[in-house]
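Shown here: entry_26.cif, mmCIF, C-alpha atoms.
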data_coords
loop_
_atom_site.label_atom_id
_atom_site.label_comp_id
_atom_site.auth_asym_id
_atom_site.auth_seq_id
_atom_site.Cartn_x
_atom_site.Cartn_y
_atom_site.Cartn_z
CA MET A 1 101.67 33.17 138.97
CA ASN A 2 101.61 31.81 135.46
CA CYS A 3 101.37 33.87 132.30
CA GLU A 4 97.63 33.50 132.03
CA GLU A 5 97.20 34.85 135.55
CA LEU A 6 99.54 37.75 134.81
CA ARG A 7 97.82 38.71 131.59
CA ASP A 8 95.66 41.39 133.20
CA GLN A 9 98.79 43.13 134.38
CA TYR A 10 100.50 43.49 131.02
CA GLU A 11 99.03 46.92 130.27
CA LEU A 12 99.66 48.23 133.80
CA TYR A 13 103.22 46.97 133.52
CA ALA A 14 103.59 48.85 130.23
CA LEU A 15 102.36 51.98 131.99
CA ASP A 16 104.60 51.41 134.99
CA ALA A 17 101.47 51.39 137.10
CA LEU A 18 102.18 48.20 139.06
CA ASN A 19 103.43 48.21 142.60
CA ALA A 20 106.88 46.87 143.27
CA GLU A 21 105.80 43.32 144.11
CA GLU A 22 103.59 42.97 141.04
CA ARG A 23 106.33 44.33 138.82
CA ALA A 24 108.97 42.04 140.22
CA GLU A 25 106.86 38.98 139.51
CA LEU A 26 106.25 39.96 135.89
CA ASP A 27 109.89 40.95 135.46
CA ALA A 28 110.87 37.40 136.32
CA HIS A 29 108.80 36.13 133.40
CA LEU A 30 110.17 38.69 131.00
CA ARG A 31 113.71 37.58 131.72
CA ARG A 32 112.90 34.13 130.38
CA GLU A 33 113.48 33.86 126.66
CA GLY A 34 110.37 32.69 124.82
CA ASP A 35 108.05 33.34 127.75
CA PRO A 36 104.55 34.20 126.45
CA CYS A 37 104.56 37.26 128.72
CA VAL A 38 107.22 38.88 126.50
CA ALA A 39 104.95 39.07 123.47
CA GLY A 40 101.99 39.95 125.66
CA VAL A 41 103.74 42.90 127.25
CA ARG A 42 104.89 44.12 123.81
CA LYS A 43 101.32 44.11 122.53
CA ALA A 44 100.18 45.81 125.72
CA ARG A 45 102.82 48.51 125.29
CA ALA A 46 101.59 49.27 121.78
CA LEU A 47 98.01 49.37 123.02
CA MET A 48 98.82 51.77 125.82
CA MET A 49 100.88 54.03 123.57
CA SER A 50 97.85 54.55 121.39
CA LEU A 51 96.19 56.21 124.40
CA ALA A 52 98.40 59.21 123.63
CA LEU A 53 95.92 59.88 120.85
CA ILE A 54 93.25 60.92 123.36
CA THR A 55 95.46 63.67 124.73
CA PRO A 56 93.76 67.09 124.64
CA GLU A 57 95.44 69.33 122.10
CA SER A 58 97.86 71.95 123.37
CA HIS A 59 99.92 74.37 121.33
CA PRO A 60 103.65 74.50 122.03
CA PRO A 61 105.22 77.95 121.67
CA ALA A 62 107.24 78.54 118.53
CA ARG A 63 110.38 79.05 120.60
CA LEU A 64 110.24 75.42 121.68
CA ARG A 65 111.18 74.17 118.23
CA LYS A 66 114.19 76.48 118.24
CA ARG A 67 115.21 75.16 121.64
CA VAL A 68 114.90 71.56 120.53
CA VAL A 69 116.66 71.81 117.19
CA GLY A 70 119.17 74.24 118.66
CA MET A 71 120.48 71.46 120.89
CA VAL A 72 121.91 69.63 117.92
CA GLY A 73 122.58 72.58 115.64
CA GLU A 74 120.05 71.92 112.91
CA PRO A 75 121.22 73.76 109.79
CA LYS A 76 119.22 76.81 108.87
CA ARG A 77 116.40 76.17 106.48
CA PRO A 78 117.25 76.79 102.83
CA TRP A 79 114.67 79.53 102.54
CA SER A 80 116.60 81.64 105.01
CA TRP A 81 119.29 82.07 102.33
CA THR A 82 116.79 83.19 99.76
CA PRO A 83 116.87 86.90 100.75
CA VAL A 84 120.66 86.79 100.58
CA TRP A 85 120.57 85.39 97.07
CA ILE A 86 117.92 87.91 96.08
CA ALA A 87 120.02 90.76 97.47
CA ALA A 88 123.11 89.44 95.72
CA ALA A 89 121.20 89.10 92.46
CA ALA A 90 119.87 92.64 92.88
CA CYS A 91 123.37 93.96 93.50
CA LEU A 92 124.68 92.13 90.44
CA THR A 93 121.82 93.55 88.39
CA VAL A 94 122.62 97.09 89.57
CA VAL A 95 126.29 96.58 88.80
CA ALA A 96 125.45 95.12 85.39
CA VAL A 97 123.15 98.06 84.59
CA TRP A 98 125.77 100.51 85.80
CA LEU A 99 128.46 98.82 83.73
CA GLY A 100 126.11 98.79 80.77
CA MET A 101 125.43 102.51 81.12
CA ALA A 102 129.12 103.25 81.58
CA ARG A 103 129.87 101.13 78.54
CA ARG A 104 127.25 103.03 76.54
CA ASP A 105 128.72 106.36 77.69
CA GLN A 106 132.17 105.19 76.69
CA ALA A 107 130.89 103.99 73.33
CA ARG A 108 129.14 107.32 72.77
CA ALA A 109 132.30 109.26 73.66
CA LEU A 110 134.33 107.02 71.40
CA ALA A 111 131.89 107.60 68.53
CA ASP A 112 132.11 111.36 69.10
CA LEU A 113 135.89 111.16 68.99
CA ARG A 114 135.77 109.10 65.81
CA LEU A 115 133.39 111.64 64.23
CA GLU A 116 135.62 114.51 65.29
CA ALA A 117 138.65 112.69 63.90
CA GLN A 118 136.86 112.10 60.62
CA ARG A 119 135.90 115.76 60.53
CA LYS A 120 139.51 116.79 61.15
CA THR A 121 140.69 114.35 58.49
CA VAL A 122 138.28 115.81 55.95
CA GLU A 123 139.33 119.33 56.91
CA LEU A 124 142.99 118.41 56.67
CA ALA A 125 142.36 116.88 53.25
CA ARG A 126 140.63 120.07 52.14
CA LEU A 127 143.52 122.17 53.44
CA ASN A 128 146.00 119.96 51.62
CA GLU A 129 143.99 120.36 48.43
CA ALA A 130 143.78 124.11 49.03
CA PHE A 131 147.55 124.37 49.55
CA ALA A 132 148.13 122.29 46.45
CA ILE A 133 146.07 124.72 44.40
CA MET A 134 147.66 127.81 45.96
CA ASN A 135 151.21 126.53 45.60
CA ASP A 136 150.81 125.44 42.00
CA PRO A 137 152.77 127.86 39.80
CA GLY A 138 150.02 127.63 37.18
CA ALA A 139 147.33 128.97 39.53
CA ARG A 140 146.08 132.51 39.20
CA GLN A 141 145.34 134.53 42.33
CA LEU A 142 142.43 136.96 42.25
CA VAL A 143 141.65 139.54 44.95
CA PHE A 144 138.15 140.79 45.67
CA GLY A 145 136.45 143.27 48.01
CA GLU A 146 139.65 145.03 49.00
CA GLY A 147 139.05 148.21 51.03
CA ALA A 148 135.34 147.65 51.38
CA PRO A 149 133.09 146.43 54.24
CA LYS A 150 131.65 143.82 51.94
CA PRO A 151 133.14 140.33 51.71
CA ARG A 152 136.74 140.28 50.79
CA GLY A 153 139.34 137.67 50.09
CA ARG A 154 141.09 135.75 47.36
CA VAL A 155 140.24 133.29 44.62
CA PHE A 156 142.81 130.87 43.26
CA VAL A 157 142.09 129.46 39.81
CA ASN A 158 144.12 126.39 38.92
CA PRO A 159 143.51 125.15 35.38
CA GLN A 160 144.09 121.51 36.31
CA GLN A 161 142.75 121.28 39.86
CA GLY A 162 139.91 123.76 40.19
CA VAL A 163 138.89 126.98 41.97
CA LEU A 164 139.63 127.84 45.63
CA LEU A 165 137.74 130.59 47.45
CA LEU A 166 139.04 132.11 50.68
CA ALA A 167 136.76 134.79 52.11
CA SER A 168 136.16 136.81 55.24
CA ASN A 169 133.44 139.22 56.33
CA LEU A 170 130.92 136.85 54.75
CA THR A 171 128.08 136.48 57.20
CA PRO A 172 126.48 133.02 57.31
CA ALA A 173 123.63 132.63 54.89
CA PRO A 174 120.27 133.03 56.62
CA SER A 175 117.87 130.13 57.10
CA GLY A 176 116.64 128.74 53.80
CA LYS A 177 119.49 130.36 51.86
CA ILE A 178 122.96 129.30 50.82
CA TYR A 179 125.93 130.70 48.93
CA GLU A 180 126.51 129.48 45.38
CA MET A 181 129.67 129.91 43.32
CA TRP A 182 129.49 130.70 39.63
CA ILE A 183 132.06 130.41 36.88
CA ILE A 184 131.24 133.20 34.48
CA PRO A 185 132.60 132.78 30.94
CA LYS A 186 133.71 135.72 28.90
CA SER A 187 130.70 135.06 26.73
CA GLY A 188 127.66 133.06 27.67
CA SER A 189 125.70 132.23 30.83
CA PRO A 190 127.23 131.66 34.28
CA ALA A 191 127.81 128.01 35.14
CA PRO A 192 126.95 126.82 38.69
CA ALA A 193 130.12 125.76 40.57
CA GLY A 194 128.75 124.47 43.90
CA LEU A 195 127.10 125.47 47.17
CA PHE A 196 128.78 126.43 50.44
CA GLN A 197 128.17 128.09 53.79
CA SER A 198 130.41 130.44 55.71
CA GLU A 199 131.50 129.94 59.33
CA SER A 200 129.95 131.85 62.22
CA ASP A 201 132.98 134.20 62.29
CA GLY A 202 132.35 135.20 58.65
CA THR A 203 135.18 133.16 57.13
CA ALA A 204 134.72 130.69 54.32
CA MET A 205 136.88 128.30 52.35
CA TYR A 206 135.33 126.61 49.35
CA LEU A 207 137.04 124.38 46.84
CA ARG A 208 135.46 123.55 43.51
CA LYS A 209 137.47 120.70 42.06
CA GLY A 210 137.81 120.15 38.36
CA ALA A 211 139.66 121.61 35.42
CA VAL A 212 138.93 125.21 34.50
CA ASP A 213 139.47 126.77 31.09
CA VAL A 214 141.17 129.95 32.16
CA ALA A 215 141.24 131.31 28.64
CA THR A 216 137.47 131.44 28.31
CA THR A 217 136.63 132.32 31.95
CA GLY A 218 135.89 135.98 32.69
CA ALA A 219 135.16 135.95 36.41
CA ILE A 220 134.30 133.91 39.55
CA ALA A 221 131.22 135.11 41.42
CA VAL A 222 129.19 134.21 44.50
CA THR A 223 125.47 134.88 45.02
CA LEU A 224 122.97 134.14 47.80
CA GLU A 225 120.53 131.50 46.55
CA PRO A 226 117.75 129.29 47.88
CA GLU A 227 119.28 126.40 49.85
CA ALA A 228 118.55 123.93 47.01
CA GLY A 229 120.74 126.00 44.74
CA SER A 230 119.93 127.56 41.37
CA GLN A 231 120.84 126.87 37.78
CA ALA A 232 121.28 130.60 37.17
CA PRO A 233 121.99 133.47 39.58
CA THR A 234 118.82 134.95 41.11
CA THR A 235 120.49 137.70 43.13
CA GLN A 236 123.19 140.27 42.66
CA PRO A 237 126.68 138.85 43.24
CA LEU A 238 128.23 139.42 46.71
CA ILE A 239 131.64 138.45 45.44
CA VAL A 240 133.09 139.03 42.00
CA ALA A 241 136.69 138.14 41.20
CA THR A 242 137.65 139.04 37.67
CA LEU A 243 140.38 137.13 35.78
CA MET B 1 87.69 65.95 127.66
CA THR B 2 88.53 67.31 124.27
CA LEU B 3 89.70 64.40 122.24
CA LEU B 4 92.73 64.62 120.04
CA PRO B 5 92.00 66.57 116.88
CA LEU B 6 92.57 64.86 113.60
CA LEU B 7 95.32 67.38 113.01
CA PHE B 8 97.63 65.30 115.14
CA ALA B 9 97.32 62.41 112.80
CA ILE B 10 98.89 64.49 110.04
CA TYR B 11 102.02 64.79 112.07
CA VAL B 12 102.33 61.13 112.82
CA GLU B 13 102.08 59.83 109.30
CA GLY B 14 105.24 59.51 107.28
CA ASP B 15 108.30 57.38 106.84
CA ASP B 16 109.57 56.88 110.37
CA GLY B 17 112.09 54.29 109.21
CA ASP B 18 113.98 56.77 107.09
CA LEU B 19 113.79 59.39 109.81
CA GLY B 20 115.08 56.91 112.37
CA ALA B 21 118.00 56.02 110.11
CA ARG B 22 118.88 59.70 109.74
CA LEU B 23 118.73 60.17 113.49
CA LYS B 24 121.12 57.26 113.87
CA ARG B 25 123.47 59.01 111.46
CA ARG B 26 123.10 62.08 113.68
CA GLU B 27 121.90 64.34 110.91
CA PRO B 28 120.90 67.60 112.65
CA ALA B 29 118.14 68.27 110.13
CA ALA B 30 116.44 65.04 111.20
CA MET B 31 115.89 66.53 114.65
CA GLY B 32 113.84 69.34 113.16
CA GLU B 33 111.80 66.87 111.14
CA LEU B 34 111.27 64.71 114.23
CA TYR B 35 110.00 67.73 116.12
CA ASP B 36 107.74 68.76 113.26
CA ARG B 37 106.26 65.28 113.24
CA TYR B 38 105.87 64.62 116.95
CA GLY B 39 106.60 67.86 118.81
CA LYS B 40 103.02 68.98 119.18
CA LEU B 41 101.81 65.58 120.33
CA ALA B 42 104.69 65.21 122.79
CA TYR B 43 104.07 68.68 124.19
CA SER B 44 100.34 68.05 124.54
CA LEU B 45 100.96 64.78 126.33
CA ILE B 46 103.52 66.22 128.70
CA TYR B 47 101.43 69.30 129.42
CA ARG B 48 98.40 67.08 130.14
CA ILE B 49 100.47 65.33 132.79
CA VAL B 50 102.45 68.18 134.41
CA ARG B 51 99.95 71.04 133.88
CA ASP B 52 102.73 73.63 133.70
CA VAL B 53 103.84 75.35 130.49
CA GLY B 54 107.44 76.02 131.54
CA VAL B 55 107.94 72.52 132.88
CA ALA B 56 106.33 71.05 129.77
CA GLU B 57 108.78 72.93 127.54
CA ASP B 58 111.75 71.71 129.56
CA LEU B 59 110.51 68.15 129.45
CA VAL B 60 109.87 68.26 125.70
CA GLN B 61 113.43 69.41 125.23
CA GLU B 62 114.68 66.63 127.46
CA THR B 63 112.56 64.11 125.60
CA PHE B 64 113.96 64.95 122.19
CA LEU B 65 117.50 65.07 123.52
CA ARG B 66 117.09 61.60 125.00
CA VAL B 67 115.80 60.24 121.72
CA TRP B 68 118.67 61.91 119.88
CA ASN B 69 121.25 60.49 122.25
CA ARG B 70 119.77 56.99 122.23
CA ALA B 71 118.94 56.74 118.54
CA GLN B 72 121.93 54.42 118.02
CA GLY B 73 119.92 51.70 119.73
CA PHE B 74 116.89 52.26 117.55
CA ASP B 75 116.01 49.61 114.99
CA ALA B 76 115.22 51.73 111.92
CA GLU B 77 113.60 48.79 110.10
CA ARG B 78 111.44 47.34 112.85
CA GLY B 79 111.32 50.14 115.40
CA ALA B 80 108.37 52.43 116.02
CA LEU B 81 109.81 55.91 116.34
CA GLY B 82 106.62 57.71 117.35
CA PRO B 83 105.55 55.31 120.11
CA TRP B 84 109.10 55.28 121.45
CA LEU B 85 109.30 59.07 121.56
CA LEU B 86 105.88 59.30 123.19
CA ALA B 87 106.89 56.71 125.76
CA VAL B 88 109.94 58.80 126.59
CA ALA B 89 107.76 61.92 126.79
CA ARG B 90 105.24 60.25 129.06
CA ASN B 91 107.93 58.78 131.27
CA ARG B 92 109.71 62.12 131.62
CA ALA B 93 106.46 63.76 132.67
CA ILE B 94 105.44 60.97 135.05
CA ASP B 95 108.91 61.01 136.53
CA TYR B 96 108.65 64.76 137.08
CA VAL B 97 105.25 64.46 138.77
CA ARG B 98 106.47 61.67 140.99
CA SER B 99 109.57 63.59 141.86
CA ALA B 100 107.56 66.68 142.70
CA SER B 101 105.26 64.67 144.94
CA GLY B 102 108.12 62.87 146.68
CA LYS B 103 107.51 59.52 145.02
CA MET B 104 110.85 59.15 143.28
CA ALA B 105 111.52 55.85 144.96
CA LYS B 106 108.69 54.24 143.08
CA GLY B 107 110.15 53.89 139.69
CA ALA B 108 112.86 56.09 138.22
CA LEU B 109 114.85 53.02 137.23
CA GLU B 110 111.76 51.30 135.85
CA LEU B 111 111.04 54.33 133.69
CA GLU B 112 114.58 54.30 132.34
CA TYR B 113 114.09 50.64 131.47
CA ALA B 114 110.76 51.39 129.80
CA GLU B 115 112.42 53.91 127.48
CA ARG B 116 114.76 51.47 125.79
CA PRO B 117 114.16 51.74 122.01
CA ALA B 118 114.45 47.95 121.70
CA LEU B 119 111.07 47.65 123.42
CA PHE B 120 109.35 49.50 120.58
CA ILE B 121 109.64 47.11 117.68
CA ASN B 122 107.09 45.37 115.49
CA PHE B 123 104.39 47.93 116.17
CA GLU B 124 101.72 48.29 113.54
CA ALA B 125 102.60 51.18 111.23
CA ASP B 126 99.29 52.89 111.96
CA VAL B 127 99.48 52.69 115.75
CA LEU B 128 99.41 56.50 115.86
CA SER B 129 97.37 57.05 112.74
CA GLN B 130 94.19 58.98 112.25
CA ASP B 131 92.22 55.74 112.02
CA GLN B 132 93.72 54.47 115.25
CA ALA B 133 92.83 57.74 116.99
CA ARG B 134 89.24 57.22 115.88
CA ARG B 135 89.26 53.65 117.16
CA VAL B 136 90.73 54.68 120.52
CA ARG B 137 88.08 57.32 121.01
CA ALA B 138 85.34 54.89 120.09
CA ALA B 139 86.71 52.25 122.46
CA LEU B 140 86.97 54.70 125.37
CA GLU B 141 83.45 55.93 124.79
CA LYS B 142 82.22 52.39 125.34
CA LEU B 143 83.68 52.38 128.86
CA ASN B 144 81.71 53.68 131.79
CA GLU B 145 82.92 56.73 133.66
CA ASN B 146 84.80 54.83 136.38
CA GLN B 147 86.50 52.56 133.90
CA ARG B 148 87.57 55.51 131.77
CA HIS B 149 88.77 57.36 134.88
CA VAL B 150 91.06 54.58 136.04
CA ILE B 151 92.56 54.28 132.58
CA GLU B 152 93.30 57.99 132.58
CA LEU B 153 94.82 57.81 136.04
CA ALA B 154 97.06 55.00 134.92
CA TYR B 155 98.09 56.59 131.65
CA PHE B 156 98.32 60.27 132.52
CA GLU B 157 99.45 59.94 136.12
CA GLY B 158 101.09 56.53 136.29
CA LEU B 159 99.15 55.58 139.41
CA SER B 160 99.12 52.01 140.64
CA GLN B 161 95.80 50.39 141.46
CA SER B 162 96.41 51.01 145.17
CA GLU B 163 97.06 54.68 144.49
CA MET B 164 93.94 54.88 142.34
CA ALA B 165 91.86 53.38 145.15
CA GLU B 166 93.28 55.90 147.56
CA ARG B 167 92.73 58.78 145.15
CA MET B 168 89.16 57.74 144.33
CA GLY B 169 88.28 56.69 147.87
CA GLN B 170 87.17 53.31 146.63
CA PRO B 171 88.01 49.78 147.82
CA LEU B 172 91.05 48.30 146.07
CA GLY B 173 89.01 45.35 144.89
CA THR B 174 86.50 47.64 143.20
CA VAL B 175 89.23 49.59 141.46
CA LYS B 176 90.91 46.41 140.30
CA THR B 177 87.62 45.28 138.80
CA TRP B 178 87.22 48.57 136.96
CA VAL B 179 90.78 48.38 135.69
CA ARG B 180 90.52 44.76 134.62
CA THR B 181 87.22 45.31 132.83
CA ALA B 182 88.41 48.48 131.11
CA LEU B 183 91.63 46.88 129.89
CA LYS B 184 89.82 43.77 128.69
CA ASN B 185 87.44 45.89 126.65
CA LEU B 186 90.24 48.01 125.22
CA ARG B 187 92.25 44.92 124.43
CA GLU B 188 89.32 43.43 122.59
CA ASP B 189 88.61 46.59 120.63
CA LEU B 190 92.17 47.72 119.95
CA GLY B 191 94.65 45.05 120.93
CA GLU B 192 94.75 43.19 117.64
CA LYS B 193 95.63 46.41 115.82
CA ALA B 194 98.29 47.61 118.23
CA ALA B 195 101.15 45.23 117.68
CA ARG B 196 102.15 42.27 115.63
CA ALA B 197 102.54 39.12 117.65
#

Hey, can you dump this file as structure tokens for me?
Amino acid sequence: MNCEELRDQYELYALDALNAEERAELDAHLRREGDPCVAGVRKARALMMSLALITPESHPPARLRKRVVGMVGEPKRPWSWTPVWIAAAACLTVVAVWLGMARRDQARALADLRLEAQRKTVELARLNEAFAIMNDPGARQLVFGEGAPKPRGRVFVNPQQGVLLLASNLTPAPSGKIYEMWIIPKSGSPAPAGLFQSESDGTAMYLRKGAVDVATTGAIAVTLEPEAGSQAPTTQPLIVATL
Amino acid sequence: MTLLPLLFAIYVEGDDGDLGARLKRREPAAMGELYDRYGKLAYSLIYRIVRDVGVAEDLVQETFLRVWNRAQGFDAERGALGPWLLAVARNRAIDYVRSASGKMAKGALELEYAERPALFINFEADVLSQDQARRVRAALEKLNENQRHVIELAYFEGLSQSEMAERMGQPLGTVKTWVRTALKNLREDLGEKAARA
């Protein structure tokens, strides 16, 4: 048969729907280079493949894709790593927050230590100043309240450095009140010499720095005053140390 | 018969050349993309032929593995990946049906030959497109019932004209007339769009 006579068999050949004899005859043509049947069968194959488009729709199970791609080890889809990254980011965030909190705690503790150190430094400085006044040969030591339940202690008057008060049995001033020291001249009005508060155990150390004219000073006194202080005593003195 | 939904066309549009090149390079991710593009159509075709879900799954797997293993012979520039894969799918299913019915002698070797990727070159890019699906449906609707039936027997069951005559209880000459007329009409309606000369 020639190519024209075989033309009606091209599509059946493409579908492998020829019997053995028919196929053998067309195969003989296809083995010849340039035979018109070659191009004809190729066109017929494309035509028949388009019949796949009339296939009724069926739904393959989801597991089938896994089976197919699993044969060649398709890498996991990028989104499958997303939860891992999210978890890692969450962990890092928690760690960062924890480190931040720990850092804040450490900073707070360090600030407390610095404050305490400053307080100690100030206290040490005051003690040094107090010792300097007490140890100065020119200072005069006055005793007050001896043998009485009222406040008692000592006052050191140093003409160059100032007045130092050491007291005990001096209950802390109540709310809204404060203790005020007075330098009382032998003649004239008392001069205010500063405000202070006693400790919870009733002790007090107060240093009023500045030169004092011992010759004209008659006494050192302490009164309870409003917490803003007063320019003149408003209450009876709790402490009086006479020079 | 429920005709192919337009949804299929979505899966068969895309750059098959690039995908074919990646299959040749044996990139595993390309297999997943190939399945996403043609898996549903291949499964539907195979299931239409074998009518068994489990068998259809096995044959789909075999189809994709064959394409994967033979991709080295695929011409990424001129080859038609979709038609080739569907030819493999159809042949696997037809081969299974023939084997199950004791007709292995008919054409296992011929089917192997028909799966060579070199046969699927110079196809029109839209041979499996949405527009082509519409044209195929329109062309089939023009055929009478007997003509459409013999085409389906040939495509979905791989029957020869003698086997069709036996199946339909019709004279061979009558069946040949139906086949010839049906193919002539399809050729006239669709042939010029199917492949470049």

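If you measure from each of A:Leu127, A:Ala88, A:Leu6, A:Ala221 to A:Leu18 using all atoms listed in the file, the closest one turns out to be A:Leu6.
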
Practice problem: Pull out every residue of chain A sitting within 8 Å of chain B, counting only C-alpha atoms, and send them as JSON, numbers by chain. | Solution: {"A": [8, 11, 12, 14, 15, 16, 17, 18, 19, 20, 39, 42, 43, 44, 46, 47, 48, 49, 50, 51, 52, 53, 54, 55, 56, 57, 58, 59, 60, 64, 65, 67, 68, 69, 71, 72, 73, 74, 75]}

Practice problem: Calculate how many Å separate atom CA of A:Pro137 from atom CA of A:Arg154, rounding to one decimal. | Solution: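 Separation between atom CA of A:Pro137 and atom CA of A:Arg154: 16.0 Å.
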
Exercise. Excluding A:Trp182 and residues on its chain fewer than 5 positions from it, collect all residues at most 10 Å away from it, counting only C-alpha atoms, and give them as a list of chain:residue names.
Key: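 Final neighbour list, sorted by chain and number: A:Ser189, A:Pro190, A:Ala191, A:Pro192, A:Ala193, A:Gly194, A:Leu195, A:Ala219, A:Ile220, A:Ala221, A:Val222, A:Thr223, A:Gln231, A:Ala232, A:Pro233, A:Pro237, A:Ile239, A:Val240.
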
Self-check item: Polymer residues at most 7 Å from A:Ala204, all atoms listed in the file, same-chain spacing of 4 or more positions, as a ChimeraX atom specification
Solution: /A:166-168,198-199

Self-check item: Computed interatomic separation between atom CA of A:Glu33 and atom CA of A:Gln9 (Å)
Solution: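 Between these atoms lies a distance of 19.0 Å.
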
Exercise. Given the file shown, determine the residues that the PyMOL selection byres ((chain B and resi 20) around 8) selects; report them as a VMD selection string.
Key: chain B and resid 16 to 19 21 to 24 71 74 to 76 81

Quiz item: Hey, can you check how far atom CA of B:Trp178 sits from atom CA of A:Glu5?
Solution: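 Between atom CA of B:Trp178 and atom CA of A:Glu5 the gap works out to 17.0 Å.
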
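Between A:Ala28 and the candidates A:Cys3, A:Leu110, A:Ala173, A:Ala130, the tightest atom-to-atom separation, counting all atoms listed in the file, involves A:Cys3.
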
Self-check item: Near-stretch 225-227 of chain A list (7 Å; all atoms listed in the file; drop same-chain fewer than 3 positions) as a VMD selection string
Solution: chain A and resid 176 to 180 230 234

Work out where the centre of an axis-aligned box around every listed atom of stretch 186-189 of chain A lies and how long its edges are once 3 Å is added on each side; give both in Å to one decimal as lines of an AutoDock Vina configuration file.
center_x = 129.7
center_y = 134.0
center_z = 28.8
size_x = 14.0
size_y = 9.5
size_z = 10.1
